[in-house]
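Reading through the structure tokens given below for one structure.
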Amino acid sequence: MTWTTAFGRACGWLLDRIVYGLALTRISPNVLTFIGLVINIVAAFFFGHANALNADIMFFYAGLVIFGAGIFDMTDGRVARRINKVTVFGSFFDSVIDRYSDVVLFFGLLVYYGRINRFRYVVLVAFVMITSLMVSYTRARAEALIGSCKVGFLERPERIVLILLGALFNHWGVMAPVLWILAVFSTVTVVHRVVYTYQNTKHLAPIS
């Protein structure tokens, strides 16, 4: 067994223990989803209250908080299955809250770059915010027409991991390249989904 396999199993075991503990409380999975949003708002607060002097430590705190929010993001669906409370509304609610969680983190970064007068990065973060929403929207709209549209590289888990790395390692200037990566690959993902949907709807009759 390699160390990566052992680490993966350990993480899986820990996550299963967390899910088991939450399931025992009989807490609503929708409540867990909403708690994740609240925690991300705290992370956005740290981003927004950073300045040129304390940015590294504030971003690091934000990264730790985002990691905590990710635990709720990973457990709400598993808890729902564990306690047999999987619902159509729960899936819808989870998607809606995920979009809010994405936007609130970028909003915190917008405030930060605005406070330190980095206009170029204000524009960049705004662009990333839009393209991130479009990644989700294009999939949702396409799947209403063709059933499945899971193509593209940059889904929400990848975005969160990148933002987390940018926050934790901002001391080494990681957040700036992370934003450029998000801007480029989110756009590529949107274009990929548009092309994929076009190719799979050419034979369909127009919707009246």
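Note on naming: chains are A, B, ... as they come in the structure tokens, residues start from 1 per chain, ligands start from 1 in the order shown.
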
Shell of 10 Å around Ala140 of chain A, only C-alpha atoms, local chain residues under 5 positions omitted, as a short mmCIF file (atom, residue, chain, number, x, y, z; two decimals) with N, CA and C atoms, in the first residue's frame:
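This is the output file around00.cif:
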```cif
data_model
loop_
_atom_site.label_atom_id
_atom_site.label_comp_id
_atom_site.auth_asym_id
_atom_site.auth_seq_id
_atom_site.Cartn_x
_atom_site.Cartn_y
_atom_site.Cartn_z
N SER A 95 -27.71 23.25 -4.90
CA SER A 95 -27.16 23.97 -6.06
C SER A 95 -27.27 25.48 -5.88
N MET A 134 -21.48 31.12 -14.94
CA MET A 134 -21.84 30.62 -16.26
C MET A 134 -21.47 29.15 -16.43
N VAL A 135 -20.42 28.70 -15.75
CA VAL A 135 -20.08 27.27 -15.79
C VAL A 135 -21.27 26.45 -15.28
N LEU A 145 -32.11 20.39 -21.77
CA LEU A 145 -32.37 20.11 -23.19
C LEU A 145 -31.88 18.73 -23.62
N GLY A 147 -30.20 16.32 -21.34
CA GLY A 147 -30.10 15.31 -20.29
C GLY A 147 -28.81 15.31 -19.50
N SER A 148 -27.66 15.49 -20.15
CA SER A 148 -26.39 15.48 -19.44
C SER A 148 -25.38 16.37 -20.14
N CYS A 149 -24.67 17.15 -19.34
CA CYS A 149 -23.62 18.01 -19.90
C CYS A 149 -22.53 18.18 -18.84
N LYS A 150 -21.76 17.11 -18.67
CA LYS A 150 -20.72 17.11 -17.64
C LYS A 150 -19.33 17.36 -18.22
#
```

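Ranking A:Thr187, A:Ala142, A:Phe45, A:Asp73 by their shortest atom-to-atom distance to Gln199 of chain A, with only C-alpha atoms included, puts A:Ala142 first.
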
Per residue of segment 15-100 of chain A within 12 Å of segment 104-127 of chain A, which atom pair is closest and at what distance in Å (one decimal), using only C-alpha atoms, listed by chain and increasing number, as a Markdown table?
```
| residue | atom | partner | partner_atom | distance |
| --- | --- | --- | --- | --- |
| A:Gly36 | CA | A:Val104 | CA | 11.8 |
| A:Leu37 | CA | A:Val104 | CA | 8.6 |
| A:Val38 | CA | A:Val104 | CA | 9.9 |
| A:Ile39 | CA | A:Leu105 | CA | 10.4 |
| A:Asn40 | CA | A:Leu105 | CA | 6.7 |
| A:Ile41 | CA | A:Val104 | CA | 6.2 |
| A:Val42 | CA | A:Leu105 | CA | 9.1 |
| A:Ala43 | CA | A:Leu105 | CA | 6.9 |
| A:Ala44 | CA | A:Gly108 | CA | 4.3 |
| A:Phe45 | CA | A:Gly108 | CA | 6.3 |
| A:Phe46 | CA | A:Gly108 | CA | 7.6 |
| A:Phe47 | CA | A:Gly108 | CA | 5.0 |
| A:Gly48 | CA | A:Gly108 | CA | 4.4 |
| A:His49 | CA | A:Tyr112 | CA | 6.7 |
| A:Ala50 | CA | A:Tyr112 | CA | 6.0 |
| A:Asn51 | CA | A:Ile116 | CA | 6.4 |
| A:Ala52 | CA | A:Ile116 | CA | 6.4 |
| A:Leu53 | CA | A:Ile116 | CA | 10.0 |
| A:Asn54 | CA | A:Tyr112 | CA | 11.1 |
| A:Ala55 | CA | A:Tyr112 | CA | 8.7 |
| A:Asp56 | CA | A:Tyr112 | CA | 11.9 |
| A:Met58 | CA | A:Tyr112 | CA | 10.5 |
| A:Phe59 | CA | A:Leu109 | CA | 9.7 |
| A:Ala62 | CA | A:Leu105 | CA | 9.3 |
| A:Gly63 | CA | A:Leu105 | CA | 10.6 |
| A:Val65 | CA | A:Leu105 | CA | 11.1 |
| A:Ile66 | CA | A:Leu105 | CA | 9.0 |
| A:Ala69 | CA | A:Leu105 | CA | 11.5 |
| A:Ile97 | CA | A:Val104 | CA | 10.4 |
| A:Asp98 | CA | A:Val104 | CA | 9.9 |
| A:Arg99 | CA | A:Val104 | CA | 8.6 |
| A:Tyr100 | CA | A:Val104 | CA | 6.0 |
```

Go ahead and write the selection's residues with N, CA and C atoms as a compact mmCIF listing (two decimals), in the first residue's frame.
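Saved result, selection18.txt, follows:
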```txt
# COMPACT_ATOMS: atom_id res chain seq x y z
N GLY A 36 -22.86 25.65 5.66
CA GLY A 36 -21.71 25.83 4.78
C GLY A 36 -21.66 27.23 4.19
N LEU A 37 -22.83 27.76 3.80
CA LEU A 37 -22.89 29.12 3.27
C LEU A 37 -22.48 30.14 4.33
N VAL A 38 -23.00 29.97 5.54
CA VAL A 38 -22.67 30.90 6.63
C VAL A 38 -21.16 30.91 6.88
N ILE A 39 -20.54 29.74 6.87
CA ILE A 39 -19.10 29.67 7.09
C ILE A 39 -18.35 30.36 5.96
N ASN A 40 -18.81 30.20 4.72
CA ASN A 40 -18.16 30.89 3.60
C ASN A 40 -18.31 32.41 3.71
N ILE A 41 -19.41 32.87 4.29
CA ILE A 41 -19.57 34.31 4.53
C ILE A 41 -18.50 34.80 5.49
N VAL A 42 -18.17 33.98 6.48
CA VAL A 42 -17.09 34.33 7.41
C VAL A 42 -15.76 34.44 6.65
N ALA A 43 -15.52 33.50 5.73
CA ALA A 43 -14.30 33.56 4.92
C ALA A 43 -14.28 34.83 4.08
N ALA A 44 -15.42 35.19 3.51
CA ALA A 44 -15.50 36.42 2.71
C ALA A 44 -15.21 37.64 3.59
N PHE A 45 -15.65 37.59 4.84
CA PHE A 45 -15.38 38.67 5.79
C PHE A 45 -13.87 38.84 5.97
N PHE A 46 -13.15 37.74 6.11
CA PHE A 46 -11.70 37.82 6.25
C PHE A 46 -11.05 38.40 4.99
N PHE A 47 -11.51 37.96 3.81
CA PHE A 47 -10.99 38.53 2.57
C PHE A 47 -11.24 40.03 2.52
N GLY A 48 -12.48 40.42 2.78
CA GLY A 48 -12.87 41.81 2.65
C GLY A 48 -12.22 42.74 3.65
N HIS A 49 -11.83 42.21 4.81
CA HIS A 49 -11.21 43.04 5.84
C HIS A 49 -9.69 43.00 5.80
N ALA A 50 -9.15 42.34 4.79
CA ALA A 50 -7.70 42.34 4.62
C ALA A 50 -7.25 43.68 4.04
N ASN A 51 -6.00 44.02 4.29
CA ASN A 51 -5.41 45.21 3.68
C ASN A 51 -3.97 44.89 3.32
N ALA A 52 -3.27 45.90 2.81
CA ALA A 52 -1.90 45.65 2.33
C ALA A 52 -0.97 45.16 3.44
N LEU A 53 -1.30 45.48 4.69
CA LEU A 53 -0.41 45.10 5.79
C LEU A 53 -0.71 43.73 6.38
N ASN A 54 -1.99 43.35 6.40
CA ASN A 54 -2.35 42.09 7.07
C ASN A 54 -2.93 41.05 6.12
N ALA A 55 -2.78 41.25 4.81
CA ALA A 55 -3.43 40.38 3.83
C ALA A 55 -3.03 38.92 4.00
N ASP A 56 -1.76 38.65 4.25
CA ASP A 56 -1.31 37.26 4.32
C ASP A 56 -2.01 36.49 5.44
N MET A 58 -4.83 37.36 7.06
CA MET A 58 -6.28 37.35 6.85
C MET A 58 -6.67 36.34 5.78
N PHE A 59 -5.87 36.25 4.72
CA PHE A 59 -6.14 35.26 3.69
C PHE A 59 -5.95 33.85 4.24
N ALA A 62 -8.94 33.00 6.13
CA ALA A 62 -10.01 32.72 5.18
C ALA A 62 -9.88 31.31 4.61
N GLY A 63 -8.64 30.91 4.29
CA GLY A 63 -8.41 29.58 3.76
C GLY A 63 -8.83 28.49 4.74
N VAL A 65 -11.08 28.75 7.05
CA VAL A 65 -12.54 28.78 7.13
C VAL A 65 -13.16 28.10 5.90
N ILE A 66 -12.60 28.36 4.72
CA ILE A 66 -13.09 27.72 3.50
C ILE A 66 -12.95 26.20 3.61
N ALA A 69 -15.78 25.02 5.67
CA ALA A 69 -17.02 25.03 4.90
C ALA A 69 -17.07 23.84 3.95
N ILE A 97 -27.49 27.21 -3.02
CA ILE A 97 -26.60 27.66 -1.96
C ILE A 97 -25.15 27.63 -2.43
N ASP A 98 -24.79 26.64 -3.25
CA ASP A 98 -23.43 26.59 -3.81
C ASP A 98 -23.12 27.84 -4.62
N ARG A 99 -24.11 28.31 -5.39
CA ARG A 99 -23.88 29.52 -6.18
C ARG A 99 -23.66 30.72 -5.26
N TYR A 100 -24.45 30.82 -4.20
CA TYR A 100 -24.26 31.91 -3.25
C TYR A 100 -22.88 31.82 -2.58
```

*Run DSSP on the backbone of this structure and report the residues of segment 6-203 of chain A it assigns to alpha helix (DSSP H), as a ChimeraX atom specification.*
/A:6-25,29-48,55-82,88-115,119-146,156-168,175-201

_Using only C-alpha atoms, can you tell me which of A:Leu14, A:Val195, A:Val128, A:Leu133 comes closest to Leu179 of chain A?_
A:Val128

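With distances restricted to only C-alpha atoms, A:Arg78 is the closest residue to Ala23 of chain A from A:Thr87, A:Arg78, A:Tyr198, A:Ile35.
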
_For atom CA of Phe60 of chain A and atom CA of Ile163 of chain A, the interatomic separation in Å (one decimal)_ = 11.1 Å
